[in-house]
Amino acid sequence: MKAAILLFPGINRERDMVLAVRQSFGAEPTVVWHKETELPAGTDLVILPGGFSFGDYLRCGAMAAQSPIMRAVKAHAERGGYVLGVCNGFQILTETGLLPGALLRNAGLRFLSMDTMLRVERNDTVFTNKWEKGAVFRAPMAHGDGNYTADEVTLDRLEGENLVAFRYADGNRNGSARDIAGIFAPNLRVLGLMPHPENLVDPLMGGTDGKPLFDALAAA
Amino acid sequence: MKAIVTVMLKNGVLDPQGKAIGHALHNLGFPQVGEVRMGKIIELELAETDAAKAQTAAEDMARKLLANTVIESFKVEIAA
Amino acid sequence: MKAIVTVMLKNGVLDPQGKAIGHALHNLGFPQVGEVRMGKIIELELAETDAAKAQTAAEDMARKLLANTVIESFKVEIAA
Amino acid sequence: MTQVNADLAKSFGLNAEEWGKVLEIMGRTPSLTELGIFSVMWSEHCSYKSSRVWLKELPTKAPWVIHGPGENAGVIDIGEGLAAIFKMESHNHPSFIEPYQGAATGVGGILRDVFTMGARPVANLNALRFGDPKLPVTKRVVDGVVRGIGGYGNCVGVPTVGGEVNFHPAYNGNPLVNAMTVGIAKQDKIFLSAAAGVGNPVVYVGSKTGRDGIHGATMASTEFDAASEDKRPTVQVGDPFTEKLLIEACLELMQTDAIVAIQDMGAAGLTSSSVEMAGKGGVGIELTLDDVPQRETGMTAYEMMLSESQERMLLVLKPERSEMARAIIEKWDLDYAVIGHITDTGRIVVKHKGVVEADIPLAPLSDAAPLYRRPIAETPKPAPLGAVDLSAPLDEALLKLIASPDLCSRRWIFDQYDSSVGGQTVKRPAQADAAIVKLEDTKRALAVTADCTPRYCVADAEQGGAQAVAEAWRNITATGALPLAVTDNMNFGNPEKPEIMGQFASAIKGMAAACKALDFPVVSGNVSLYNETEGRPILPTPAIGAVGVLEDAAQAVGYGLKPGLELVLVGQTKGELGRSLYLREILGREDGAPPVVDLAAERKNGDFVRTQILSGKVTASHDVSDGGVLVAVAEMLLAGEAGAELAAEGDAAFWFGEDQARYVLAVSDANALLTAAREAGIPAQRIGHATATEKLTLPNGIAISLPQLREAHEGFFPQWFA
Ligand SMILES: Nc1ncnc2c1ncn2[C@@H]1O[C@H](COP(=O)(O)OP(=O)(O)O)[C@@H](O)[C@H]1O
Ligand SMILES: [Mg+2]
């Protein structure tokens with residue numbers, strides 16, 4: 001699997017993502033500047049990492065969604081390419097319309113930086129097949145706007161079509177609707193989630209709970 | 001001209017900031033406060049002399065960037 | 001009644017958000033955009049029938065909580 | 001037109017004698033812009049006029065020191081061709097006026113001091129002191145400061161990994177916000193600020209200049225009073241997004257050979273950066289302000305020279321590389337403008353709209369800067385602690401202590417700081433005595449900490465100064481790392497009062513002795529004076545930030561306890577309760593002498609502990625400081641997954657005394673450790689063992705359940721902000 005990591009100004013977890021991908025893929029991902037209009041030839045997986053693209057001024061992810069590279073990402077997704085958005089990356093995917101809903105300010109209006117537990121809602125996807133269904137794993141979160149929201153119809157559809165990827169399993173700190181921490185697009189090839197599996201891929205940094213995500217992608 | 005774009009969360013979308021402000025106002029001794037909604041206001045200087053054109057342009061900007069119409073609604077006013 | 005409190009950064013205070021929005025609008029193909037300032041708007045439902053009293057109360061709330069008067073100024077409008 | 005005269009000079013903070021010197025240097029009445037330049041360069045903040053004679057006493061050299069004080073930040077060798085670059089800086093006054101922006105811009109400022117030298121910032125810390133938590137204003141300040149530090153640090157993507165927080169009524173109206181940044185650079189890619197090369201372009205990079213913070217440097221150098229309200233418009237707003245761009249743009253530019261010299265525009269903005277760069281290089285500088293990127297219309301030369309708009313840098317470039325540099329800066333959407341050039345005149349010349357607005361000889365501007373050896377009055381040594389009532393039950397005292405604002409969990413604070421961004425954080429807050437941050441692509445790691453105990457300093461500034469250094473050294477040692485160097489932030493009251501200068505001088509004396517004894521040189525620092533409200537000074541607060549190194553990050557130990565381990569107390573316990581938290585929180589007393597700092601014992605015990613850790617025999621380690629041994633053990637339980645049963649004999653003075661140079665180590669073989677200690681001549685005793693139960697059993701048999709302990713420890717902040 002050939003991975004491209006997008007770099008928008010203000011993104012700050014791209015190095016973390018490079019480390020996680022490098023470790024599982026055994027190959028170096030390409031980092032792509034947001035002003036590019038094409039993805040590198042042969043890109044299978046596009047990763048939108050975390051951070052504060054354009055300062056998250058106005059709305060998280062809103063300005064990044066308008067970046068030139070996002071047209072190529074949409075085309076990639078329409079072709080059935082894989083896309084992973086983490087934290088700000090998830091926000092950018094909702095702003096772009098590649099995933100439904102939106103991420104509002106955390107219910108408590110404070111930035112939340114701590115470990116959280118995530119439950120794997122389905123394991124028959126290219127992202128989650130290294131976990132058991134229902135498995136609970138630890139993932140650090142670090143966000144001010146992770147409060148997932150969508151209208152009831154959309155939420156029901158997400159549930160009905162089994163598109164919820166992860167739910168918070170140890171309390172819902174940010175106020176997300178139905179404890180949703182991550183969702184898939186209907187083709188199961190686009191995943192967005194708020195917490196950071198890429199920050200738990202090394203025992204030295206506290207554990208390897210997040211590694212199955214990258215191992216699964218590497219094997220796909 | 002100046003365009004003033006007001007962006008509010010749609011009815012029915014939970015407003016964590018509005019809720020927190022309402023709570024804080026009660027604690028500060030303002031029991032008369034009922035629902036609170038918080039939104040954004042964006043003032044744009046436009047190099048434009050035609051109010052109708054300014055209106056159209058600002059609406060376009062709101063749809064493309066300033067508001068996320070999944071959760072927000074907007075309103076544009078033109079001032080001289 | 002409804003009080004609408006608009007809070008803007010004072011003149012001369014750096015507005016990083018406004019700056020970034022202006023920049024993004026240019027990139028989106030709106031060259032006519034000049035200065036952009038971003039502020040907050042807070043809509044309060046008030047259990048109050050007297051407009052003058054509502055105005056005073058809302059101003060009080062703005063001074064105490066809604067605006068940071070060190071760097072922001074505010075304006076209150078009362079709607080029915 | 002403003003009349004420039006002695007009265008105006010006075011309102012700018014220059015006294016009659018200083019004004020006389022200005023006239024002598026200039027040989028004429030200075031222009032308003034010139035007066036502004038003198039007033040900020042000669043302010044306490046920029047000139048260190050009251051503190052310089054004392055700072056010279058600090059040891060600053062060691063074989064591993066690459067650049068000591070005098071540069072934007074200190075630089076030390078951390079092995080493998082890498083350097084750690086770090087400094088601490090205060091933003092006290094702005095943080096009281098506008099807590100969010102004051103703290104945020106404090107973080108932004110210290111980041112710039114570090115990346116201007118070529119380092120990628122890898123860790124932020126903050127040392128905070130607030131007033132009485134019962135006052136509503138304290139809550140507002142804490143909330144704003146914490147949000148501001150998080151708002152800025154989280155956005156720029158530098159993990160905030162440590163810090164400290166104290167409360168004391170002496171900080172009412174004058175909180176302390178000391179921010180520290182640690183960065184990493186290659187030793188052969190370190191950038192300095194001395195300008196060179198006549199004709200080389202002087203380039204402005206970053207945000208546009210507005211009227212922000214004009215006279216911020218002089219404000220930071222005067223006391224607070226009711227009139228401070230009027231100084232509010234000087235508040236600066238931070239733009240962390242632009243800072244992030246600036247970091248990336250500067251680091252990218254530093255990969256090339258374009259830069260001759262670089263300096264952030266900090267306090268006194270364009271004035272101090274241009275004066276310092278040209279002054280250090282022994283050259284002259286000419287600026288044309290018309291080309292300065294401006295955010296507002298109609299700005300005057302005076303305003304542009306004194307503006308403290310944030311997120312700006314000043315560079316001297318090689319002319320043939322300037323177009324390439326422009327391309328890099330503009331790629332990051334930052335302003336780039338050539339605003340002058342280097343000359344050989346030894347003068348700073350400022351032109352605006354065709355008029356020479358300032359023309360000042362640089363050498364006298366710095367050489368003739370005022371330097372005061374102000375009168376000092378030493379604080380009398382505190383009377384020895386009289387009889388102390390030790391009758392409070394141990395369990396009740398412990399629960400009360402660990403729930404108190406100075407000892408309770410800081411989780412509510414650090415949960416608002418992104419501590420994992422960067423993917424290198426080995427030990428986060430509340431896991432180890434120092435935060436551990438790995439150096440990417442190596443096995444090495446840095447250990448970083450910030451420490452000071454102002455309640456000791458106010459009783460005995462010399463002991464307090466030594467203690468602050470010793471505690472920082474101990475915190476690094478307790479992780480297994482080798483302590484290398486410190487940065488300091490000297491926060492004191494009005495230096496014109498002899499008793500304040502006495503505190504300052506004594507603190508320096510204590511710090512210097514500790515730094516010498518521990519081979520722990522000072523490589524950078526900052527002084528913040530006039531920390532008073534209506535004439536009442538803060539507690540003397542010489543905050544110490546420190547950095548150590550581990551050759552193998554995997555060897556770092558934290559203080560979380562696991563069942564089955566034995567607990568050994570290393571170091572001598574006499575039961576020193578003077579100025580202890582036990583005395584203050586349980587008995588309502590703040591008297592006696594602070595604990596003695598025995599630097600020889602500190603060194604010996606610490607070297608022993610580090611050796612034990614690096615030999616792999618220690619599973620958990622915690623230094624003993626605030627609250628004494630029992631609090632240390634409680635913290636080890638709360639950070640781990642074990643209970644404990646304590647066995648040592650001792651009264652409250654034993655369990656809560658704050659004797660220095662001590663550690664609690666958790667090992668699987670206590671006898672081996674005790675034997676090794678005996679052979680090294682170091683006092684050590686077994687005090688109990690860790691259990692698989694959910695409780696802490698005290699020597700008297702009384703047990704406290706861990707949930708109860710946790711509830712007491714975690715309660716304060718969440719309840720305060722509920
Ligand atoms: N208390 C101190 N101890 C040691 N060095 C200090 C101290 N205070 C300031 N310095 C050093 O003096 C120099 C000037 O400090 P400062 O004006 O705060 O730096 P900057 O201009 O980068 O803000 C720096 O090199 C700093 O490290
Ligand atoms: Mg500097």
# chains A, B, ... in the order shown; residues from 1 in each chain; ligands from 1
>>> residues_near_ligand(ligand="ligand 1", cutoff="7 Å", atoms="only C-alpha atoms and all ligand atoms", output="list in words")
His45, Cys46, Leu55, Pro69, Gly70, Glu71, Asn72, Ala73, Gly74, Lys87, Glu89, Asp113, Gly266, Ala267, Thr487, Asp488, Asn489, Met490, Val522, Val523, Ser524, Gly525, Asn526 and Val527 of chain D
>>> residues_around(residues="Arg37 (chain C)", least_positions_apart="4", cutoff="7 Å", atoms="only C-alpha atoms", output="list in words")
Ile42, Glu43 and Leu44 of chain B; Asp15 and Gly18 of chain C
>>> interface_residues(of="chain B", to="chain C", cutoff="6 Å", atoms="only C-alpha atoms", output="ChimeraX atom specification")
/B:32-47
>>> write_last_selection(atoms="N, CA, C and O atoms", output="tab-separated table (two decimals), in the first residue's frame")
chain	number	residue	atom	x	y	z
B	32	GLN	N	-33.06	35.60	34.53
B	32	GLN	CA	-34.02	35.85	33.45
B	32	GLN	C	-33.57	35.28	32.11
B	32	GLN	O	-34.31	35.34	31.12
B	33	VAL	N	-32.34	34.74	32.06
B	33	VAL	CA	-31.83	34.26	30.78
B	33	VAL	C	-32.41	32.90	30.45
B	33	VAL	O	-32.37	31.97	31.25
B	34	GLY	N	-33.01	32.80	29.28
B	34	GLY	CA	-33.52	31.52	28.80
B	34	GLY	C	-32.52	30.92	27.84
B	34	GLY	O	-31.32	30.87	28.14
B	35	GLU	N	-32.97	30.53	26.66
B	35	GLU	CA	-32.06	29.89	25.72
B	35	GLU	C	-31.00	30.88	25.23
B	35	GLU	O	-31.28	32.06	25.00
B	36	VAL	N	-29.79	30.37	25.06
B	36	VAL	CA	-28.70	31.20	24.52
B	36	VAL	C	-28.15	30.49	23.29
B	36	VAL	O	-27.90	29.29	23.31
B	37	ARG	N	-27.96	31.24	22.22
B	37	ARG	CA	-27.33	30.69	21.03
B	37	ARG	C	-26.14	31.57	20.68
B	37	ARG	O	-26.20	32.78	20.75
B	38	MET	N	-25.08	30.90	20.30
B	38	MET	CA	-23.91	31.69	19.94
B	38	MET	C	-23.56	31.48	18.47
B	38	MET	O	-23.63	30.36	17.97
B	39	GLY	N	-23.22	32.55	17.83
B	39	GLY	CA	-22.84	32.46	16.42
B	39	GLY	C	-21.64	33.33	16.12
B	39	GLY	O	-20.99	33.85	17.02
B	40	LYS	N	-21.37	33.43	14.83
B	40	LYS	CA	-20.21	34.20	14.40
B	40	LYS	C	-20.66	35.35	13.53
B	40	LYS	O	-21.68	35.25	12.85
B	41	ILE	N	-19.90	36.39	13.57
B	41	ILE	CA	-20.20	37.49	12.68
B	41	ILE	C	-18.92	37.83	11.93
B	41	ILE	O	-17.85	37.91	12.52
B	42	ILE	N	-19.03	37.94	10.63
B	42	ILE	CA	-17.85	38.20	9.82
B	42	ILE	C	-18.09	39.46	9.00
B	42	ILE	O	-19.02	39.51	8.20
B	43	GLU	N	-17.29	40.46	9.26
B	43	GLU	CA	-17.43	41.72	8.54
B	43	GLU	C	-16.41	41.77	7.41
B	43	GLU	O	-15.21	41.65	7.66
B	44	LEU	N	-16.90	41.96	6.21
B	44	LEU	CA	-16.01	41.95	5.05
B	44	LEU	C	-16.02	43.32	4.39
B	44	LEU	O	-17.09	43.84	4.05
B	45	GLU	N	-14.86	43.89	4.18
B	45	GLU	CA	-14.74	45.07	3.32
B	45	GLU	C	-14.73	44.57	1.88
B	45	GLU	O	-13.91	43.72	1.53
B	46	LEU	N	-15.62	45.09	1.04
B	46	LEU	CA	-15.65	44.63	-0.35
B	46	LEU	C	-15.37	45.79	-1.30
B	46	LEU	O	-15.98	46.86	-1.16
B	47	ALA	N	-14.49	45.57	-2.24
B	47	ALA	CA	-14.23	46.58	-3.28
B	47	ALA	C	-15.34	46.43	-4.31
B	47	ALA	O	-15.17	45.78	-5.34
>>> interface_residues(of="chain C", to="chain D", cutoff="10 Å", atoms="only C-alpha atoms", output="number ranges by chain")
C: 10-17, 20, 23, 68-71
>>> select_by_dssp(residues="chain A", states="strand (DSSP E or B)", output="ChimeraX atom specification")
/A:3-7,11,30-33,45-48,51,82-86,102-104,112-120,136-143,147-149,164-168,180-184,190-193,202,207
>>> residues_around(residues="region 629-639 of chain D", least_positions_apart="2", cutoff="7 Å", atoms="only C-alpha atoms", output="PyMOL selection string")
chain D and resi 398+402+430-431+559-561+622+624+627+641-643+655-656+710
>>> decode(residues="region 424-440 of chain D", atoms="all heavy atoms", output="PDB file, in the first residue's frame")
ATOM      1  N   GLN D 424       7.009  11.731  20.543  1.00  0.00           N
ATOM      2  CA  GLN D 424       8.282  11.408  21.196  1.00  0.00           C
ATOM      3  C   GLN D 424       8.175  11.446  22.713  1.00  0.00           C
ATOM      4  O   GLN D 424       9.183  11.345  23.402  1.00  0.00           O
ATOM      5  CB  GLN D 424       9.364  12.409  20.746  1.00  0.00           C
ATOM      6  CG  GLN D 424       9.571  12.469  19.235  1.00  0.00           C
ATOM      7  CD  GLN D 424      10.064  11.165  18.656  1.00  0.00           C
ATOM      8  OE1 GLN D 424      10.824  10.443  19.293  1.00  0.00           O
ATOM      9  NE2 GLN D 424       9.626  10.837  17.454  1.00  0.00           N
ATOM     10  N   THR D 425       6.974  11.648  23.239  1.00  0.00           N
ATOM     11  CA  THR D 425       6.839  11.817  24.684  1.00  0.00           C
ATOM     12  C   THR D 425       6.841  10.466  25.389  1.00  0.00           C
ATOM     13  O   THR D 425       5.883   9.697  25.277  1.00  0.00           O
ATOM     14  CB  THR D 425       5.554  12.599  25.024  1.00  0.00           C
ATOM     15  OG1 THR D 425       5.515  13.770  24.214  1.00  0.00           O
ATOM     16  CG2 THR D 425       5.529  12.984  26.493  1.00  0.00           C
ATOM     17  N   VAL D 426       7.914  10.179  26.095  1.00  0.00           N
ATOM     18  CA  VAL D 426       8.069   8.901  26.782  1.00  0.00           C
ATOM     19  C   VAL D 426       7.394   8.948  28.154  1.00  0.00           C
ATOM     20  O   VAL D 426       6.739   8.001  28.569  1.00  0.00           O
ATOM     21  CB  VAL D 426       9.569   8.556  26.927  1.00  0.00           C
ATOM     22  CG1 VAL D 426       9.760   7.251  27.684  1.00  0.00           C
ATOM     23  CG2 VAL D 426      10.221   8.477  25.548  1.00  0.00           C
ATOM     24  N   LYS D 427       7.564  10.054  28.859  1.00  0.00           N
ATOM     25  CA  LYS D 427       6.884  10.235  30.154  1.00  0.00           C
ATOM     26  C   LYS D 427       6.142  11.563  30.129  1.00  0.00           C
ATOM     27  O   LYS D 427       6.739  12.625  29.963  1.00  0.00           O
ATOM     28  CB  LYS D 427       7.886  10.245  31.315  1.00  0.00           C
ATOM     29  CG  LYS D 427       8.661   8.942  31.481  1.00  0.00           C
ATOM     30  CD  LYS D 427       7.846   7.854  32.152  1.00  0.00           C
ATOM     31  CE  LYS D 427       8.702   6.597  32.328  1.00  0.00           C
ATOM     32  NZ  LYS D 427       7.905   5.361  32.298  1.00  0.00           N
ATOM     33  N   ARG D 428       4.849  11.455  30.301  1.00  0.00           N
ATOM     34  CA  ARG D 428       3.979  12.632  30.297  1.00  0.00           C
ATOM     35  C   ARG D 428       3.868  13.186  31.711  1.00  0.00           C
ATOM     36  O   ARG D 428       4.406  12.610  32.655  1.00  0.00           O
ATOM     37  CB  ARG D 428       2.600  12.213  29.801  1.00  0.00           C
ATOM     38  CG  ARG D 428       2.567  11.866  28.328  1.00  0.00           C
ATOM     39  CD  ARG D 428       1.115  11.715  27.900  1.00  0.00           C
ATOM     40  NE  ARG D 428       0.770  10.327  27.658  1.00  0.00           N
ATOM     41  CZ  ARG D 428      -0.486   9.899  27.509  1.00  0.00           C
ATOM     42  NH1 ARG D 428      -1.496  10.731  27.612  1.00  0.00           N
ATOM     43  NH2 ARG D 428      -0.727   8.631  27.266  1.00  0.00           N
ATOM     44  N   PRO D 429       3.136  14.282  31.889  1.00  0.00           N
ATOM     45  CA  PRO D 429       2.967  14.829  33.237  1.00  0.00           C
ATOM     46  C   PRO D 429       2.420  13.768  34.199  1.00  0.00           C
ATOM     47  O   PRO D 429       1.626  12.914  33.808  1.00  0.00           O
ATOM     48  CB  PRO D 429       1.954  15.957  33.037  1.00  0.00           C
ATOM     49  CG  PRO D 429       2.176  16.409  31.636  1.00  0.00           C
ATOM     50  CD  PRO D 429       2.539  15.173  30.871  1.00  0.00           C
ATOM     51  N   ALA D 430       2.875  13.852  35.432  1.00  0.00           N
ATOM     52  CA  ALA D 430       2.423  12.974  36.522  1.00  0.00           C
ATOM     53  C   ALA D 430       2.776  11.507  36.305  1.00  0.00           C
ATOM     54  O   ALA D 430       2.153  10.619  36.866  1.00  0.00           O
ATOM     55  CB  ALA D 430       0.928  13.137  36.785  1.00  0.00           C
ATOM     56  N   GLN D 431       3.761  11.243  35.468  1.00  0.00           N
ATOM     57  CA  GLN D 431       4.254   9.867  35.327  1.00  0.00           C
ATOM     58  C   GLN D 431       5.662   9.724  35.896  1.00  0.00           C
ATOM     59  O   GLN D 431       6.045   8.646  36.305  1.00  0.00           O
ATOM     60  CB  GLN D 431       4.258   9.443  33.848  1.00  0.00           C
ATOM     61  CG  GLN D 431       2.862   9.316  33.256  1.00  0.00           C
ATOM     62  CD  GLN D 431       2.866   8.787  31.839  1.00  0.00           C
ATOM     63  OE1 GLN D 431       3.868   8.858  31.130  1.00  0.00           O
ATOM     64  NE2 GLN D 431       1.728   8.264  31.408  1.00  0.00           N
ATOM     65  N   ALA D 432       6.424  10.819  35.856  1.00  0.00           N
ATOM     66  CA  ALA D 432       7.806  10.771  36.333  1.00  0.00           C
ATOM     67  C   ALA D 432       8.163  12.143  36.896  1.00  0.00           C
ATOM     68  O   ALA D 432       7.452  13.119  36.649  1.00  0.00           O
ATOM     69  CB  ALA D 432       8.755  10.412  35.190  1.00  0.00           C
ATOM     70  N   ASP D 433       9.261  12.236  37.627  1.00  0.00           N
ATOM     71  CA  ASP D 433       9.624  13.520  38.233  1.00  0.00           C
ATOM     72  C   ASP D 433      10.043  14.554  37.201  1.00  0.00           C
ATOM     73  O   ASP D 433       9.941  15.753  37.438  1.00  0.00           O
ATOM     74  CB  ASP D 433      10.752  13.307  39.251  1.00  0.00           C
ATOM     75  CG  ASP D 433      10.196  12.784  40.570  1.00  0.00           C
ATOM     76  OD1 ASP D 433       9.123  13.260  40.971  1.00  0.00           O
ATOM     77  OD2 ASP D 433      10.814  11.891  41.171  1.00  0.00           O
ATOM     78  N   ALA D 434      10.541  14.090  36.064  1.00  0.00           N
ATOM     79  CA  ALA D 434      10.812  15.000  34.950  1.00  0.00           C
ATOM     80  C   ALA D 434      10.112  14.408  33.737  1.00  0.00           C
ATOM     81  O   ALA D 434       9.956  13.195  33.646  1.00  0.00           O
ATOM     82  CB  ALA D 434      12.312  15.108  34.696  1.00  0.00           C
ATOM     83  N   ALA D 435       9.687  15.244  32.825  1.00  0.00           N
ATOM     84  CA  ALA D 435       9.106  14.722  31.584  1.00  0.00           C
ATOM     85  C   ALA D 435      10.242  14.166  30.726  1.00  0.00           C
ATOM     86  O   ALA D 435      11.359  14.690  30.751  1.00  0.00           O
ATOM     87  CB  ALA D 435       8.378  15.827  30.842  1.00  0.00           C
ATOM     88  N   ILE D 436       9.952  13.104  29.998  1.00  0.00           N
ATOM     89  CA  ILE D 436      10.976  12.493  29.153  1.00  0.00           C
ATOM     90  C   ILE D 436      10.525  12.596  27.700  1.00  0.00           C
ATOM     91  O   ILE D 436       9.431  12.144  27.341  1.00  0.00           O
ATOM     92  CB  ILE D 436      11.180  11.000  29.505  1.00  0.00           C
ATOM     93  CG1 ILE D 436      11.441  10.829  31.011  1.00  0.00           C
ATOM     94  CG2 ILE D 436      12.299  10.395  28.663  1.00  0.00           C
ATOM     95  CD1 ILE D 436      12.780  11.309  31.489  1.00  0.00           C
ATOM     96  N   VAL D 437      11.370  13.224  26.899  1.00  0.00           N
ATOM     97  CA  VAL D 437      11.054  13.405  25.477  1.00  0.00           C
ATOM     98  C   VAL D 437      12.191  12.811  24.662  1.00  0.00           C
ATOM     99  O   VAL D 437      13.351  13.216  24.802  1.00  0.00           O
ATOM    100  CB  VAL D 437      10.896  14.902  25.127  1.00  0.00           C
ATOM    101  CG1 VAL D 437      10.586  15.077  23.653  1.00  0.00           C
ATOM    102  CG2 VAL D 437       9.800  15.526  25.989  1.00  0.00           C
ATOM    103  N   LYS D 438      11.857  11.842  23.820  1.00  0.00           N
ATOM    104  CA  LYS D 438      12.885  11.156  23.037  1.00  0.00           C
ATOM    105  C   LYS D 438      13.388  12.058  21.912  1.00  0.00           C
ATOM    106  O   LYS D 438      12.661  12.920  21.416  1.00  0.00           O
ATOM    107  CB  LYS D 438      12.311   9.865  22.451  1.00  0.00           C
ATOM    108  CG  LYS D 438      13.381   8.855  22.079  1.00  0.00           C
ATOM    109  CD  LYS D 438      12.769   7.508  21.742  1.00  0.00           C
ATOM    110  CE  LYS D 438      12.340   7.415  20.293  1.00  0.00           C
ATOM    111  NZ  LYS D 438      13.452   7.383  19.341  1.00  0.00           N
ATOM    112  N   LEU D 439      14.615  11.857  21.514  1.00  0.00           N
ATOM    113  CA  LEU D 439      15.167  12.576  20.375  1.00  0.00           C
ATOM    114  C   LEU D 439      14.932  11.708  19.149  1.00  0.00           C
ATOM    115  O   LEU D 439      15.472  10.600  19.049  1.00  0.00           O
ATOM    116  CB  LEU D 439      16.666  12.815  20.566  1.00  0.00           C
ATOM    117  CG  LEU D 439      17.044  13.529  21.867  1.00  0.00           C
ATOM    118  CD1 LEU D 439      18.553  13.717  21.955  1.00  0.00           C
ATOM    119  CD2 LEU D 439      16.337  14.871  21.931  1.00  0.00           C
ATOM    120  N   GLU D 440      14.140  12.215  18.235  1.00  0.00           N
ATOM    121  CA  GLU D 440      13.744  11.443  17.066  1.00  0.00           C
ATOM    122  C   GLU D 440      14.966  10.857  16.356  1.00  0.00           C
ATOM    123  O   GLU D 440      15.999  11.513  16.242  1.00  0.00           O
ATOM    124  CB  GLU D 440      12.984  12.361  16.106  1.00  0.00           C
ATOM    125  CG  GLU D 440      11.982  11.631  15.258  1.00  0.00           C
ATOM    126  CD  GLU D 440      11.187  12.587  14.384  1.00  0.00           C
ATOM    127  OE1 GLU D 440      10.681  13.601  14.903  1.00  0.00           O
ATOM    128  OE2 GLU D 440      11.067  12.298  13.175  1.00  0.00           O
TER     129      GLU D 440
END
